[in-house]
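To be precise, the following lines are coords01.cif, and they hold mmCIF, C-alpha atoms.
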data_entry
#
loop_
_atom_site.label_atom_id
_atom_site.label_comp_id
_atom_site.auth_asym_id
_atom_site.auth_seq_id
_atom_site.Cartn_x
_atom_site.Cartn_y
_atom_site.Cartn_z
CA MET P 31 -16.08 -54.76 19.25
CA ASP P 32 -14.05 -51.60 19.76
CA TYR P 33 -12.52 -49.95 16.70
CA ASN P 34 -9.23 -48.02 16.79
CA PHE P 35 -9.63 -44.65 15.10
CA ASP P 36 -6.38 -43.36 16.63
CA GLU P 37 -4.25 -45.60 14.41
CA LEU P 38 -1.96 -43.66 12.06
CA ILE P 39 -2.20 -45.36 8.68
CA THR P 40 0.19 -44.44 5.87
CA ARG P 41 -1.75 -43.44 2.76
CA ARG P 42 1.04 -41.78 0.83
CA GLY P 43 2.19 -44.00 -2.00
CA THR P 44 -1.25 -45.56 -2.52
CA ASN P 45 -2.23 -43.15 -5.33
CA SER P 46 -4.41 -41.31 -2.84
CA TYR P 47 -5.76 -38.13 -4.38
CA LYS P 48 -5.69 -36.55 -0.93
CA TRP P 49 -2.17 -37.60 0.07
CA ASP P 50 -0.29 -38.06 -3.20
CA SER P 51 -1.31 -34.82 -4.92
CA ALA P 52 1.37 -32.86 -3.05
CA ALA P 53 4.93 -33.26 -4.31
CA ASP P 54 6.30 -32.43 -0.86
CA ALA P 55 6.12 -35.54 1.33
CA ASP P 56 5.96 -33.33 4.45
CA VAL P 57 2.60 -31.82 3.48
CA LEU P 58 -0.25 -32.66 5.86
CA PRO P 59 -3.45 -32.79 3.75
CA MET P 60 -6.64 -31.76 5.54
CA TRP P 61 -8.55 -30.80 2.42
CA VAL P 62 -10.27 -33.51 0.29
CA ALA P 63 -13.36 -34.91 2.02
CA ASP P 64 -12.32 -38.49 2.59
CA MET P 65 -11.21 -40.02 5.87
CA ASP P 66 -7.89 -41.37 7.11
CA PHE P 67 -9.60 -44.31 8.82
CA ARG P 68 -9.92 -47.85 7.51
CA THR P 69 -13.47 -48.65 6.55
CA ALA P 70 -15.69 -50.99 8.60
CA PRO P 71 -14.31 -54.54 8.89
CA ALA P 72 -17.66 -55.83 7.64
CA ILE P 73 -16.91 -54.11 4.33
CA THR P 74 -13.30 -55.26 4.00
CA GLU P 75 -14.29 -58.84 4.82
CA ALA P 76 -17.07 -58.81 2.22
CA LEU P 77 -14.67 -57.38 -0.37
CA ARG P 78 -11.99 -59.95 0.54
CA ARG P 79 -14.40 -62.78 -0.14
CA ARG P 80 -15.29 -61.26 -3.50
CA VAL P 81 -11.62 -60.72 -4.45
CA GLU P 82 -10.86 -64.36 -3.72
CA HIS P 83 -13.33 -65.36 -6.42
CA GLY P 84 -10.91 -63.74 -8.87
CA ILE P 85 -13.28 -62.84 -11.72
CA PHE P 86 -14.43 -59.24 -12.07
CA GLY P 87 -16.70 -59.09 -15.07
CA TYR P 88 -19.66 -56.82 -15.72
CA THR P 89 -21.93 -56.50 -12.70
CA ARG P 90 -25.66 -57.00 -12.45
CA VAL P 91 -26.96 -55.08 -9.44
CA PRO P 92 -29.04 -57.58 -7.43
CA GLN P 93 -32.33 -57.05 -5.63
CA THR P 94 -30.46 -57.35 -2.33
CA TYR P 95 -28.76 -54.01 -3.08
CA TYR P 96 -32.09 -52.18 -3.31
CA GLU P 97 -33.37 -53.97 -0.23
CA ALA P 98 -30.28 -52.98 1.75
CA VAL P 99 -30.71 -49.29 0.86
CA ALA P 100 -34.44 -49.28 1.63
CA SER P 101 -34.04 -51.22 4.88
CA TRP P 102 -31.24 -48.95 6.14
CA PHE P 103 -33.19 -45.73 5.62
CA ALA P 104 -36.33 -47.19 7.14
CA ARG P 105 -34.49 -48.49 10.19
CA ARG P 106 -32.14 -45.59 10.88
CA HIS P 107 -34.04 -42.62 9.54
CA GLY P 108 -37.72 -43.52 9.48
CA TRP P 109 -38.04 -43.14 5.71
CA SER P 110 -39.95 -45.96 4.06
CA MET P 111 -39.21 -46.16 0.37
CA GLN P 112 -40.13 -48.70 -2.27
CA THR P 113 -37.22 -50.55 -3.82
CA ASP P 114 -38.36 -49.63 -7.34
CA TRP P 115 -37.82 -45.96 -6.48
CA ILE P 116 -34.06 -46.61 -6.32
CA MET P 117 -31.67 -46.22 -9.24
CA TYR P 118 -27.90 -46.69 -9.14
CA THR P 119 -25.02 -44.84 -10.73
CA SER P 120 -21.30 -44.37 -10.17
CA GLY P 121 -21.43 -41.54 -7.63
CA VAL P 122 -23.40 -38.62 -6.28
CA VAL P 123 -21.75 -36.10 -8.62
CA PRO P 124 -22.60 -38.18 -11.73
CA ALA P 125 -26.08 -38.52 -10.23
CA LEU P 126 -26.49 -34.75 -9.87
CA SER P 127 -25.27 -34.19 -13.41
CA ALA P 128 -27.65 -36.79 -14.84
CA ILE P 129 -30.59 -35.35 -12.90
CA ILE P 130 -29.89 -31.85 -14.18
CA LYS P 131 -29.51 -33.16 -17.74
CA GLY P 132 -32.72 -35.14 -17.49
CA LEU P 133 -34.88 -32.41 -15.97
CA THR P 134 -33.64 -29.20 -17.60
CA VAL P 135 -32.72 -27.76 -20.98
CA PRO P 136 -29.72 -25.51 -21.61
CA GLY P 137 -30.52 -21.99 -20.46
CA ASP P 138 -32.60 -23.10 -17.47
CA LYS P 139 -31.59 -21.92 -14.01
CA VAL P 140 -30.69 -24.02 -10.97
CA ILE P 141 -30.76 -22.65 -7.41
CA ALA P 142 -27.97 -23.50 -4.94
CA GLN P 143 -27.54 -22.29 -1.36
CA THR P 144 -24.03 -20.90 -1.21
CA PRO P 145 -21.39 -21.42 0.11
CA VAL P 146 -21.89 -25.00 -1.02
CA TYR P 147 -20.14 -28.10 -2.35
CA ASN P 148 -18.14 -26.99 -5.36
CA CYS P 149 -19.30 -29.76 -7.72
CA PHE P 150 -22.79 -28.25 -7.65
CA PHE P 151 -21.36 -25.42 -9.76
CA SER P 152 -19.69 -27.66 -12.32
CA SER P 153 -22.75 -29.92 -12.64
CA ILE P 154 -24.91 -26.88 -13.36
CA ARG P 155 -22.42 -25.35 -15.79
CA ASN P 156 -21.64 -28.58 -17.64
CA ASN P 157 -25.30 -29.05 -18.49
CA GLY P 158 -25.63 -25.57 -19.97
CA CYS P 159 -27.64 -24.20 -17.05
CA GLU P 160 -27.18 -21.03 -15.04
CA LEU P 161 -26.58 -20.80 -11.30
CA LEU P 162 -29.06 -18.85 -9.18
CA ALA P 163 -27.33 -18.33 -5.83
CA ASN P 164 -29.51 -18.25 -2.71
CA PRO P 165 -26.80 -17.36 -0.15
CA LEU P 166 -27.14 -18.70 3.36
CA ARG P 167 -27.11 -16.10 6.14
CA ARG P 168 -24.35 -16.25 8.74
CA GLU P 169 -25.89 -15.79 12.19
CA GLY P 170 -23.39 -16.01 15.03
CA ASP P 171 -21.74 -19.41 14.83
CA THR P 172 -24.22 -20.94 12.40
CA TYR P 173 -26.02 -20.43 9.10
CA ARG P 174 -29.71 -20.03 8.27
CA MET P 175 -31.63 -20.25 5.02
CA ASP P 176 -32.70 -16.91 3.56
CA PHE P 177 -36.29 -17.74 2.66
CA ASP P 178 -37.15 -14.25 1.43
CA ASP P 179 -34.31 -14.41 -1.08
CA LEU P 180 -35.30 -17.97 -1.99
CA GLU P 181 -38.82 -16.77 -2.78
CA ARG P 182 -37.39 -14.21 -5.19
CA LYS P 183 -35.01 -16.68 -6.84
CA ALA P 184 -37.62 -19.44 -7.18
CA ALA P 185 -40.00 -16.94 -8.83
CA ASP P 186 -37.60 -16.59 -11.76
CA PRO P 187 -39.51 -18.13 -14.69
CA ARG P 188 -36.39 -20.01 -15.80
CA ALA P 189 -35.75 -21.60 -12.38
CA ARG P 190 -36.31 -25.36 -12.64
CA LEU P 191 -34.37 -27.06 -9.85
CA LEU P 192 -32.94 -26.38 -6.41
CA LEU P 193 -29.87 -28.33 -5.31
CA LEU P 194 -30.12 -28.90 -1.57
CA CYS P 195 -27.14 -30.04 0.52
CA ASN P 196 -28.59 -31.95 3.52
CA PRO P 197 -26.53 -31.99 5.76
CA HIS P 198 -24.76 -28.97 4.40
CA ASN P 199 -21.16 -28.90 3.21
CA PRO P 200 -19.32 -26.69 4.22
CA ALA P 201 -21.65 -24.87 6.65
CA GLY P 202 -22.07 -27.93 8.87
CA ARG P 203 -25.84 -27.48 9.25
CA VAL P 204 -28.20 -30.41 9.69
CA TRP P 205 -31.41 -28.91 8.38
CA MET P 206 -34.49 -29.22 10.59
CA ARG P 207 -37.83 -30.57 9.45
CA ASP P 208 -39.58 -27.18 9.54
CA GLU P 209 -36.79 -25.59 7.46
CA LEU P 210 -37.11 -28.31 4.82
CA ALA P 211 -40.90 -28.01 4.76
CA ARG P 212 -40.74 -24.24 4.30
CA LEU P 213 -38.19 -24.61 1.51
CA ASN P 214 -40.46 -27.07 -0.29
CA ASP P 215 -43.50 -24.81 0.09
CA ILE P 216 -41.63 -22.04 -1.70
CA CYS P 217 -40.38 -24.36 -4.42
CA LEU P 218 -43.84 -25.84 -4.99
CA ARG P 219 -45.38 -22.39 -5.42
CA HIS P 220 -42.99 -21.70 -8.28
CA GLY P 221 -42.68 -25.12 -9.92
CA VAL P 222 -39.12 -25.74 -8.73
CA ARG P 223 -38.14 -29.35 -8.02
CA VAL P 224 -35.73 -30.14 -5.15
CA VAL P 225 -32.68 -32.32 -5.74
CA SER P 226 -31.31 -33.27 -2.32
CA ASP P 227 -27.68 -34.36 -1.98
CA GLU P 228 -27.70 -36.33 1.28
CA ILE P 229 -24.28 -37.96 1.03
CA HIS P 230 -23.29 -36.79 4.54
CA CYS P 231 -26.55 -37.98 6.11
CA GLU P 232 -25.02 -40.53 8.49
CA LEU P 233 -22.49 -38.09 9.98
CA VAL P 234 -24.75 -36.23 12.40
CA PHE P 235 -23.75 -35.27 15.95
CA SER P 236 -25.61 -35.60 19.26
CA GLY P 237 -28.49 -33.20 19.68
CA HIS P 238 -29.22 -33.09 15.96
CA THR P 239 -31.34 -35.30 13.72
CA TYR P 240 -30.94 -35.88 10.02
CA THR P 241 -34.29 -35.67 8.25
CA PRO P 242 -34.44 -37.06 4.72
CA PHE P 243 -36.04 -34.32 2.65
CA ALA P 244 -38.43 -36.77 1.01
CA SER P 245 -39.63 -38.00 4.41
CA VAL P 246 -40.94 -34.61 5.58
CA SER P 247 -44.30 -34.88 3.81
CA ALA P 248 -46.07 -36.41 0.84
CA GLU P 249 -45.54 -33.10 -0.95
CA CYS P 250 -41.78 -33.20 -0.31
CA LEU P 251 -41.59 -36.79 -1.55
CA ALA P 252 -43.45 -35.95 -4.77
CA ASN P 253 -41.38 -32.82 -5.43
CA SER P 254 -37.91 -34.25 -4.86
CA ILE P 255 -35.12 -36.52 -5.99
CA THR P 256 -32.65 -37.74 -3.36
CA CYS P 257 -29.02 -38.80 -3.85
CA VAL P 258 -27.31 -40.99 -1.24
CA SER P 259 -24.19 -43.12 -0.93
CA PRO P 260 -22.26 -44.84 1.87
CA SER P 261 -19.07 -43.28 0.51
CA LYS P 262 -18.61 -40.43 3.01
CA ALA P 263 -19.69 -42.24 6.17
CA PHE P 264 -17.83 -45.47 5.37
CA ASN P 265 -14.85 -44.01 3.48
CA THR P 266 -15.56 -45.90 0.25
CA ALA P 267 -15.57 -43.06 -2.29
CA GLY P 268 -13.13 -44.90 -4.55
CA LEU P 269 -15.61 -47.77 -4.96
CA GLN P 270 -17.87 -45.39 -6.88
CA ILE P 271 -21.52 -46.09 -6.29
CA ALA P 272 -24.57 -44.02 -5.33
CA SER P 273 -28.34 -44.29 -5.31
CA ILE P 274 -30.89 -41.91 -6.81
CA ILE P 275 -34.33 -42.11 -5.21
CA SER P 276 -37.56 -40.78 -6.70
CA SER P 277 -41.16 -41.89 -6.26
CA ASP P 278 -42.13 -40.53 -9.69
CA ALA P 279 -41.84 -43.10 -12.50
CA ASP P 280 -41.73 -40.44 -15.22
CA ILE P 281 -38.93 -38.58 -13.46
CA ARG P 282 -37.01 -41.83 -13.04
CA ALA P 283 -37.35 -42.55 -16.76
CA ARG P 284 -35.98 -39.13 -17.67
CA ILE P 285 -33.07 -39.53 -15.26
CA ASP P 286 -32.40 -43.06 -16.51
CA ARG P 287 -32.12 -41.74 -20.06
CA ALA P 288 -29.65 -39.08 -18.91
CA ILE P 289 -27.61 -41.66 -16.99
CA ASN P 290 -27.26 -43.63 -20.21
CA ILE P 291 -26.47 -40.54 -22.28
CA ASN P 292 -23.73 -39.66 -19.77
CA GLU P 293 -22.63 -43.32 -19.78
CA VAL P 294 -22.56 -43.64 -15.99
CA CYS P 295 -24.93 -46.60 -16.04
CA ASP P 296 -22.36 -49.24 -15.03
CA VAL P 297 -20.91 -49.78 -11.56
CA ASN P 298 -18.22 -52.12 -10.30
CA PRO P 299 -18.90 -55.18 -8.13
CA PHE P 300 -17.06 -53.76 -5.14
CA GLY P 301 -19.36 -50.76 -4.80
CA VAL P 302 -22.42 -52.99 -4.69
CA ILE P 303 -20.90 -55.35 -2.14
CA ALA P 304 -19.60 -52.49 0.02
CA THR P 305 -23.03 -50.85 0.13
CA GLU P 306 -24.73 -54.03 1.28
CA ALA P 307 -22.06 -54.62 3.96
CA ALA P 308 -22.15 -51.00 5.15
CA TYR P 309 -25.91 -51.12 5.58
CA SER P 310 -25.69 -54.14 7.88
CA ALA P 311 -25.78 -54.42 11.68
CA GLU P 312 -21.97 -54.75 11.79
CA GLY P 313 -21.57 -51.70 9.58
CA GLU P 314 -23.91 -49.72 11.81
CA GLU P 315 -21.95 -50.55 14.97
CA TRP P 316 -18.73 -49.31 13.35
CA LEU P 317 -20.52 -46.16 12.18
CA LEU P 318 -21.79 -45.33 15.67
CA GLN P 319 -18.26 -45.54 17.06
CA LEU P 320 -16.95 -43.41 14.18
CA ILE P 321 -19.49 -40.68 14.89
CA ALA P 322 -18.55 -40.65 18.58
CA TYR P 323 -14.88 -40.28 17.62
CA LEU P 324 -15.63 -37.45 15.20
CA GLU P 325 -17.60 -35.64 17.91
CA GLU P 326 -14.56 -35.84 20.20
CA ASN P 327 -12.40 -34.51 17.37
CA ASP P 328 -14.79 -31.61 16.94
CA ARG P 329 -14.66 -30.81 20.67
CA ALA P 330 -10.85 -30.98 20.65
CA PHE P 331 -10.68 -28.79 17.54
CA HIS P 332 -12.90 -26.11 19.10
CA ALA P 333 -11.02 -26.26 22.40
CA PHE P 334 -7.67 -25.74 20.66
CA CYS P 335 -9.00 -22.82 18.66
CA ALA P 336 -10.61 -21.20 21.69
CA GLU P 337 -7.28 -21.31 23.52
CA HIS P 338 -4.78 -20.63 20.75
CA LEU P 339 -6.71 -19.20 17.79
CA PRO P 340 -9.53 -17.08 19.26
CA GLN P 341 -9.33 -14.61 16.36
CA PHE P 342 -10.55 -17.33 13.97
CA PRO P 343 -14.24 -18.04 14.71
CA LEU P 344 -15.63 -21.45 13.85
CA THR P 345 -19.06 -22.43 12.65
CA ARG P 346 -20.88 -24.82 15.01
CA LEU P 347 -20.58 -28.29 13.52
CA GLU P 348 -23.88 -30.21 13.58
CA GLY P 349 -22.91 -32.81 10.98
CA THR P 350 -20.23 -33.83 8.45
CA TYR P 351 -16.54 -33.81 9.45
CA LEU P 352 -15.72 -30.44 7.90
CA GLU P 353 -14.82 -27.44 10.06
CA TRP P 354 -15.51 -23.97 8.62
CA MET P 355 -13.08 -21.35 9.94
CA ASP P 356 -13.39 -17.59 9.55
CA CYS P 357 -9.88 -16.35 8.69
CA THR P 358 -10.77 -12.77 7.75
CA ALA P 359 -8.55 -11.51 10.60
CA LEU P 360 -5.54 -12.28 8.40
CA HIS P 361 -6.70 -9.90 5.64
CA LEU P 362 -5.69 -12.44 2.99
CA SER P 363 -7.87 -13.92 0.31
CA SER P 364 -8.79 -17.55 0.88
CA GLY P 365 -6.92 -18.56 -2.26
CA LYS P 366 -3.77 -16.76 -1.14
CA LEU P 367 -3.99 -18.27 2.34
CA GLU P 368 -4.34 -21.78 0.91
CA HIS P 369 -1.21 -21.23 -1.17
CA VAL P 370 0.83 -19.71 1.67
CA LEU P 371 -0.14 -22.42 4.16
CA LEU P 372 0.85 -25.10 1.69
CA GLU P 373 4.19 -23.45 0.98
CA LYS P 374 5.16 -22.21 4.44
CA ALA P 375 3.42 -24.60 6.84
CA GLN P 376 3.11 -27.74 4.70
CA LEU P 377 -0.59 -27.70 5.59
CA TRP P 378 -3.20 -28.16 2.86
CA LEU P 379 -6.66 -26.75 3.52
CA ASN P 380 -9.50 -25.85 1.15
CA ALA P 381 -9.95 -22.17 0.29
CA GLY P 382 -13.48 -21.03 1.14
CA THR P 383 -13.96 -19.51 -2.31
CA MET P 384 -14.05 -23.03 -3.74
CA TYR P 385 -17.63 -23.07 -2.42
CA GLY P 386 -18.67 -19.75 -3.92
CA SER P 387 -17.87 -16.09 -3.40
CA GLU P 388 -19.66 -16.23 -0.03
CA GLY P 389 -16.77 -18.39 1.20
CA GLU P 390 -14.21 -15.61 0.81
CA GLY P 391 -12.16 -15.28 4.00
CA TYR P 392 -12.95 -18.84 5.15
CA MET P 393 -11.01 -22.11 5.14
CA ARG P 394 -12.38 -25.66 5.32
CA TRP P 395 -10.67 -28.26 7.51
CA ASN P 396 -11.20 -32.03 7.27
CA ILE P 397 -11.06 -33.50 10.80
CA ALA P 398 -11.79 -37.13 9.77
CA CYS P 399 -8.37 -38.34 10.86
CA PRO P 400 -6.67 -39.60 14.01
CA ARG P 401 -6.81 -36.92 16.71
CA SER P 402 -3.03 -36.62 16.92
CA ARG P 403 -2.89 -35.83 13.20
CA MET P 404 -5.67 -33.25 13.50
CA LEU P 405 -3.87 -31.54 16.39
CA GLU P 406 -0.64 -31.54 14.38
CA GLY P 407 -2.46 -29.63 11.66
CA LEU P 408 -3.68 -27.08 14.17
CA GLU P 409 -0.16 -26.74 15.61
CA ARG P 410 1.21 -26.09 12.12
CA PHE P 411 -1.39 -23.40 11.60
CA ALA P 412 -0.59 -21.76 14.95
CA GLU P 413 3.17 -21.90 14.31
CA PHE P 414 2.66 -20.37 10.87
CA LEU P 415 0.87 -17.43 12.50
CA GLN P 416 3.68 -16.94 15.03
CA LYS P 417 6.26 -16.80 12.25
#

Rewrite the structure from the file as structure tokens, please.
Amino acid sequence: MDYNFDELITRRGTNSYKWDSAADADVLPMWVADMDFRTAPAITEALRRRVEHGIFGYTRVPQTYYEAVASWFARRHGWSMQTDWIMYTSGVVPALSAIIKGLTVPGDKVIAQTPVYNCFFSSIRNNGCELLANPLRREGDTYRMDFDDLERKAADPRARLLLLCNPHNPAGRVWMRDELARLNDICLRHGVRVVSDEIHCELVFSGHTYTPFASVSAECLANSITCVSPSKAFNTAGLQIASIISSDADIRARIDRAININEVCDVNPFGVIATEAAYSAEGEEWLLQLIAYLEENDRAFHAFCAEHLPQFPLTRLEGTYLEWMDCTALHLSSGKLEHVLLEKAQLWLNAGTMYGSEGEGYMRWNIACPRSRMLEGLERFAEFLQK
């Protein structure tokens, strides 16, 4: 079956955070990281059947949920996990917060590789911990880990955790096995546990391979907790479900206690059903076609910028659907540029400083939309510059 990702679907008026947050109906939002595509038909059909039942009481997560998660990662990514390693909660951000609460005390330090997903900062801060930034190094059109700096940061006696973004948002890196192994070696030397946010793991482009951090080695498995969800790849963020995976029973008990303290221990029936449907053969076929479409969007985005916006270098996108554009040629702060684009061009992008001070001068674009809509956003940006 062929899926139509070119279809323009109206989202305004559906209480979409992405589309309905702007008062001006002419604003084109290319900011929040959800997609403008309908989810896989396998998911909508499974949800339709559940809706027809008509009763939506408290949900018991069945064994089939755990089996679906374990089977998917074994089949697609070569990571064999036991189903009793898997815990559920209402999203990856609640998962990160519960993990930090369960494994630290206020005053501890948590390492993050900036620029990075902004909710890392709030999850650290809200649990009374302190951020230790391990900035990534910009090298040409990509980013690398700074292992020397990581060694120094991990040696801090108050460092307890490292939050890894794999694949990385917003840098677009899909970390390689040897990079992950070296990171873990450093963390092990200093007693720092790795918490790997792998929510973008399915969105990886040709020539690159997603490696689950816990699959690298027995040492990585023992020293890590992994957070996954179908929400990014299948556009189901509003269904609010995620899995936390750890092979350590004691760690799981501490996290489970924190999940209950934070009261994110209940999920809705639709999230469970959507996960099982996403991790099916039909869901996988839709996903493969989505990835191919996103790759074409990425090529079209880079081609447009090379021709019309050569003064704004782009990071090479290996995974995710988030373009990272260097806008320092404008000599405006990222926050100012976000405001001016919204006001003058009716184009909403994310300011790079949302992801840490290392994002100053950058803007993040969401290209998970029909190609015509993406090109319209680029045209608005180019016209804004001409004016």

- Message: Which residues would end up in the selection if the PyMOL selection byres ((chain P and resi 401-417) around 7) were applied here, given that I need the answer as number ranges by chain?
- Response: P: 36, 58, 327, 375, 377, 397, 399-400

Preceding selection exported with C-alpha atoms as a PDB file, in the frame of the given file:
ATOM      1  CA  ASP P  36      -6.380 -43.360  16.630  1.00  0.00           C
ATOM      2  CA  LEU P  58      -0.250 -32.660   5.860  1.00  0.00           C
ATOM      3  CA  ASN P 327     -12.400 -34.510  17.370  1.00  0.00           C
ATOM      4  CA  ALA P 375       3.420 -24.600   6.840  1.00  0.00           C
ATOM      5  CA  LEU P 377      -0.590 -27.700   5.590  1.00  0.00           C
ATOM      6  CA  ILE P 397     -11.060 -33.500  10.800  1.00  0.00           C
ATOM      7  CA  CYS P 399      -8.370 -38.340  10.860  1.00  0.00           C
ATOM      8  CA  PRO P 400      -6.670 -39.600  14.010  1.00  0.00           C
TER       9      PRO P 400
END

- Item | Residues within 9 Å of (-21.6, -25.7, 10.3), counting all atoms listed in the file, listed as a ChimeraX atom specification | /P:171-173,198-204,344-350,352-354

Store the residues picked out above, limited to C-alpha atoms, as a CSV table (one decimal), in the coordinates of the input.
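Ended up saving to again_16.csv:
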chain,number,residue,atom,x,y,z
P,171,ASP,CA,-21.7,-19.4,14.8
P,172,THR,CA,-24.2,-20.9,12.4
P,173,TYR,CA,-26.0,-20.4,9.1
P,198,HIS,CA,-24.8,-29.0,4.4
P,199,ASN,CA,-21.2,-28.9,3.2
P,200,PRO,CA,-19.3,-26.7,4.2
P,201,ALA,CA,-21.6,-24.9,6.6
P,202,GLY,CA,-22.1,-27.9,8.9
P,203,ARG,CA,-25.8,-27.5,9.2
P,204,VAL,CA,-28.2,-30.4,9.7
P,344,LEU,CA,-15.6,-21.4,13.8
P,345,THR,CA,-19.1,-22.4,12.6
P,346,ARG,CA,-20.9,-24.8,15.0
P,347,LEU,CA,-20.6,-28.3,13.5
P,348,GLU,CA,-23.9,-30.2,13.6
P,349,GLY,CA,-22.9,-32.8,11.0
P,350,THR,CA,-20.2,-33.8,8.4
P,352,LEU,CA,-15.7,-30.4,7.9
P,353,GLU,CA,-14.8,-27.4,10.1
P,354,TRP,CA,-15.5,-24.0,8.6

- Message: Excluding stretch 114-130 of chain P and its own-chain neighbours fewer than 6 positions away, which residues fall within 7 Å of it when counting only C-alpha atoms? Please give them as a ChimeraX atom specification.
- Response: /P:96,149,153,157,257-258,270-277,285,288-289,292,294-297

Determine the residue set returned by the PyMOL selection byres ((chain P and resi 242) around 8) for the present structure, and present it as a PDB file with C-alpha atoms, keeping the file's coordinate frame.
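The result, written out as out_20.pdb:
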ATOM      1  CA  HIS P 107     -34.040 -42.620   9.540  1.00  0.00           C
ATOM      2  CA  TRP P 109     -38.040 -43.140   5.710  1.00  0.00           C
ATOM      3  CA  ASN P 196     -28.590 -31.950   3.520  1.00  0.00           C
ATOM      4  CA  GLU P 228     -27.700 -36.330   1.280  1.00  0.00           C
ATOM      5  CA  TYR P 240     -30.940 -35.880  10.020  1.00  0.00           C
ATOM      6  CA  THR P 241     -34.290 -35.670   8.250  1.00  0.00           C
ATOM      7  CA  PHE P 243     -36.040 -34.320   2.650  1.00  0.00           C
ATOM      8  CA  ALA P 244     -38.430 -36.770   1.010  1.00  0.00           C
ATOM      9  CA  SER P 245     -39.630 -38.000   4.410  1.00  0.00           C
ATOM     10  CA  VAL P 246     -40.940 -34.610   5.580  1.00  0.00           C
TER      11      VAL P 246
END

- Message: Please list as a PyMOL selection string every residue within 12 Å of P:Met393, counting all atoms listed in the file and excluding residues in the same chain fewer than 4 positions away.
- Response: chain P and resi 60-61+145+200-201+342-345+352-358+360+362-369+371+377-385+388-389+411

Just need the box for stretch 159-163 of chain P, edges along x, y and z, holding every atom the file lists for it with 3 Å tacked onto each side, so centre and edge lengths in Å to one decimal, as JSON.
{"center_x": -27.8, "center_y": -21.3, "center_z": -11.4, "size_x": 8.5, "size_y": 11.9, "size_z": 17.2}

- Item | d(atom CA of P:Ala398, atom CA of P:Arg79) in Å | 27.6 Å

- Task: Name the residues that the PyMOL selection byres ((chain P and resi 39) around 8) pulls out of this structure, and write them as a PyMOL selection string.
- Result: chain P and resi 37-38+40-41+66-67

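Checking P:Ala184, P:Met175, P:Leu317, P:Ala142 one by one against P:Phe264, counting only C-alpha atoms, you find the shortest gap at P:Leu317.
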
- Do a neighbour search on P:Arg42 at 12 Å with all atoms listed in the file, toss out local chain neighbours closer than 3 positions, and write the hits as a count of residues only. 18

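Every protein, DNA or RNA residue with an atom at most 10 Å from P:Gln319, where all atoms listed in the file count and chain neighbours fewer than 3 positions away do not, is listed here: Met31, Asp32, Tyr33, Asn34, Phe35, Glu314, Glu315, Trp316, Ala322, Tyr323, Leu324 and Glu325 of chain P.
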
- What is the distance, in Å and to one decimal place, between atom CA of P:Leu213 and atom CA of P:Glu181? 9.0 Å

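Between atom CA of P:Ala304 and atom CA of P:Ile73 the interatomic distance comes to 5.3 Å.
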
- With distances taken over only C-alpha atoms, the candidate from P:Gly313, P:Gly170, P:Pro92, P:Gly137 nearest P:Arg155 is P:Gly137

- Query: Between P:Ser387, P:Tyr392, P:Leu339, P:Leu320, which one has atoms that come closest to P:Phe151, using all atoms listed in the file?
  - Reply: P:Ser387

- Message: At a cut-off of 12 Å, using all atoms listed in the file, what residues contact P:Arg78? Leave out same-chain residues fewer than 5 positions from it and give the result as a list in words.
- Response: Pro71, Ala72, Ile73, His83, Gly84, Phe300, Ile303, Ala304 and Ala307 of chain P

- Task: Anything within 7 Å of (-24.6, -40.0, 1.0): list those residues as a list in words, counting only C-alpha atoms and sticking to the file's coordinates.
- Result: Glu228, Ile229, His230, Cys231, Cys257, Val258, Ser259, Pro260, Ser261 and Lys262 of chain P

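Distances here use only C-alpha atoms; by that measure, the residue among P:Ser247, P:Thr94, P:Asn298, P:Thr256 closest to P:Arg282 is P:Thr256.
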
- Nearest to P:Thr69 among P:Pro340, P:Gly237, P:Pro299, P:Gly268, with distances taken over all atoms listed in the file: which residue is it? P:Gly268

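Between P:Glu326 and the residues P:Asp178, P:Asn290, P:Phe235, P:Trp395, the shortest atom-to-atom distance, using all atoms listed in the file, involves P:Phe235.
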